[in-house]
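Novice: Before we start, here is the structure in question, set down as structure tokens.
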Amino acid sequence: MSNVPLLEVTNVNKRFGGLKALQDVNLSLETGKLHAIIGPNGAGKTTLFNVVTGTIPVTSGRIKFLGTDMTNDKIHRISRRGLARTLQIKSVFANMTVRENLWIAAQSHHGVFSPFKSWKKCVRSVEMADIICEQIGLTSLADQTASNLSHGDIALLEMGLALATEPKLLLLDEPICGMGPAETEQTVIKIQEISKSTAIIIIEHDIEVVFKIADEITVMANGTVLAKGTPESIAANSDVRNAYLGDDDDD
Amino acid sequence: MRVTDTYKFGSWLLVLFTLTAPWVLPLLVDSFWVDIYSEILIWSLLAASVNLLLGYVGLLSFGQALFFGFGMYGVAIGVVKFDLGFWSAFIFGISLATGMAAIAGSLAVRLTWHYFAIITVVFSLIFYFTALSWKPITGGDDGLPFTIPPIISFGDYKLTMTNANFQYFFIVTIVGACYWLMYRVINSPLGRAFVTVRENDARAALIGLNVYLIRLTAFIFAGFIAGVAGALFALFGRYASASYMFYHVSGEAVVWAIIGGVGTLFGPIVGTGLMIVLREELSSVWDHYLLLVGVAVILTVIFAPRGIGGAFKALAEKIARQQFSRKESGP
């Protein structure tokens, strides 16, 4: 069996003017693992997600997804190939119901937009929306407008939007940011459930959660990869400790 | 009464009035109001075209009169210069408008908000001045009058739009077909994609929607609707004129759409009807009646951002909720 890595990031650089947001980042991620990226603020974690999903172009370097080069490809094409993400600043379709939100995400994955059929008759997407609703635990709120949801439910819906596109790889950008302890626990369980069927890369500041759920951790600081390994090896790494204690933060 | 029943009641009332207008209006007011109502129906399509963009994909166009003008000139030039028949001239006008929308749209929808609004104004100004100065083809200032060809002719028998009732129902049929088409598209997967892009274009791209293509499709569809309006107006007035391509006309359509209610299907008819009746009644007695229009727009934007249509919807929902809660608390 050819062992094509799910996501392969090779020598990626991203500069914003004089600021080097990413410097020679190399990452190779295998299928079927829950991968976490941690690092202090400004380490380049979200920038990495942005270049991988095509939201911003890379300055140099290559990004391969399932062996196909998709560096600087269009956002919607990358998404249709099976790479979904959630955003740090939660963003859903506010004036649509939960069901409609999930429906359009499921439908857009197939990319067929008949102008005359009634949208409610697109059975596959309707069913998919119901399945995802169940999966993220929002069935009782399915007909609520998204703008009426609580912060925690919006975070779940945001994850549901990504899941409805049936991704092969899911990028979660601080999924439990701003949640209370009970919500956090539930969401963590959900993420673990999802990771059984879908590869996940998660950016998270809650170190406790990360060490509990991740199979593999990448530590970033100042736009570079500082260390990569199992939770145990990362916990013992002295470079990582320095980065978090912040003794050489300036370039 | 359920919410949907209230909608249905409102819509059926509108349909019933439209179908009986040639007989009802002369009984109530002067018979020239039948013509004014025809005009309202035609212009409402231009407002509907603004509404498609603003209410469903979230693009504010100040240039829809351009496509109205292309539809209009298409018919007039078709009849005068190419000697086309009724239907071929009609289709020629609409195709011209739709084609122009495809060209203008492919450039314009790369931009959003004020940049988009400005580029649509620029497009319509370019063609306004072209039409004004290209006298041999467009007639310039004088416009381009034409004699209307018969719709169907069997030997001596000719059916033409000179028959007032026939003309009215021809307009009603075409306008009705356009609203039916918009209804279908809005409730289709494509229509859902329009709304999704309006709600959050960045997120829409992340779930796999081709935002550019969706906006372009909406723009071409809106151009088509404006083109139908222009072609109908040319047949109704028997002439085409550059003045209908001026951005002032586009601006009026935006006002009608906002007052009627953006994002509602029949809002544009209500808004257009109200503003045209207001114009007919007030402009003769008060020169500065536009002040009132301005105030109406400001009040709508502040207090009823979804216009009359949106207010009607909110009222219907409120009534439904009250009845529901009374039923809940009842025995």
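Note on naming: chains are A, B, ... as they come in the structure tokens, residues start from 1 per chain, ligands start from 1 in the order shown.
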For chain A against chain B, which residues fall within 6 Å using only C-alpha atoms, given as a PyMOL selection string?
Specialist: chain A and resi 75-76+79-80+93+105+108-109+113+115-119
Novice: Near A:Leu156, within 9 Å and counting only C-alpha atoms, which residues show up once chain neighbours fewer than 5 positions away are dropped, as JSON, numbers by chain?
Specialist: {"A": [136, 137, 138, 151, 161, 175, 187]}
Novice: Write out as a ChimeraX atom specification each polymer residue whose atoms come within 10 Å of A:Gln135, counting only C-alpha atoms; drop sequence neighbours fewer than 6 positions from it.
Specialist: /A:129,156,160,163,190,193-194
Novice: Let's have the selection written as a PDB file, in the first residue's frame, with N, CA and C atoms.
Specialist:
```pdb
ATOM      1  N   ALA A 129     -28.162  16.763   6.416  1.00  0.00           N
ATOM      2  CA  ALA A 129     -28.343  17.824   7.416  1.00  0.00           C
ATOM      3  C   ALA A 129     -28.911  17.232   8.707  1.00  0.00           C
ATOM      4  N   LEU A 156     -20.716  24.608  17.920  1.00  0.00           N
ATOM      5  CA  LEU A 156     -21.077  23.265  17.455  1.00  0.00           C
ATOM      6  C   LEU A 156     -21.563  23.304  16.013  1.00  0.00           C
ATOM      7  N   GLY A 160     -20.421  21.555  12.682  1.00  0.00           N
ATOM      8  CA  GLY A 160     -21.376  20.838  11.833  1.00  0.00           C
ATOM      9  C   GLY A 160     -21.264  21.253  10.377  1.00  0.00           C
ATOM     10  N   LEU A 163     -18.415  19.441   8.994  1.00  0.00           N
ATOM     11  CA  LEU A 163     -18.681  18.008   8.867  1.00  0.00           C
ATOM     12  C   LEU A 163     -19.640  17.691   7.722  1.00  0.00           C
ATOM     13  N   LYS A 190     -17.184  14.950  21.558  1.00  0.00           N
ATOM     14  CA  LYS A 190     -17.598  14.940  20.155  1.00  0.00           C
ATOM     15  C   LYS A 190     -16.404  14.913  19.212  1.00  0.00           C
ATOM     16  N   GLU A 193     -15.068  11.522  19.069  1.00  0.00           N
ATOM     17  CA  GLU A 193     -15.923  10.663  18.249  1.00  0.00           C
ATOM     18  C   GLU A 193     -15.633  10.864  16.763  1.00  0.00           C
ATOM     19  N   ILE A 194     -15.598  12.155  16.376  1.00  0.00           N
ATOM     20  CA  ILE A 194     -15.367  12.480  14.962  1.00  0.00           C
ATOM     21  C   ILE A 194     -14.017  11.944  14.506  1.00  0.00           C
TER      22      ILE A 194
END
```
Novice: Pick out the residues sitting within 7 Å of A:Glu216, and hand them over as a list in words; count only C-alpha atoms, and ignore anything fewer than 5 positions along from it in its own chain.
Specialist: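 These residues fall inside the cut-off: Leu34, His35, Ala36, Gly229, Thr230 and Pro231 of chain A.
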Novice: Let's see if you can do this: from backbone DSSP, list all alpha helix (DSSP H) residues in stretch 16-213 of chain A, as a ChimeraX atom specification.
Specialist: /A:45-52,75-80,98-110,123-136,151-164,181-195,207-213
Novice: Compare A:His205, A:Lys212, A:Lys168, A:Arg99 by their minimum atom-to-atom distance to A:Lys45, counting only C-alpha atoms, and give me the closest one.
Specialist: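 The closest residue to A:Lys45 is A:His205.
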Novice: So how far away is atom CA of B:Val249 from atom CA of B:Phe169, in Å?
Specialist: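 Interatomic distance here is 25.2 Å.
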Novice: For B:Leu84, please output as a PyMOL selection string all residues within 12 Å (counting only C-alpha atoms; exclusion window: fewer than 4 positions along the same chain).
Specialist: chain B and resi 74-80+88-93+146-151
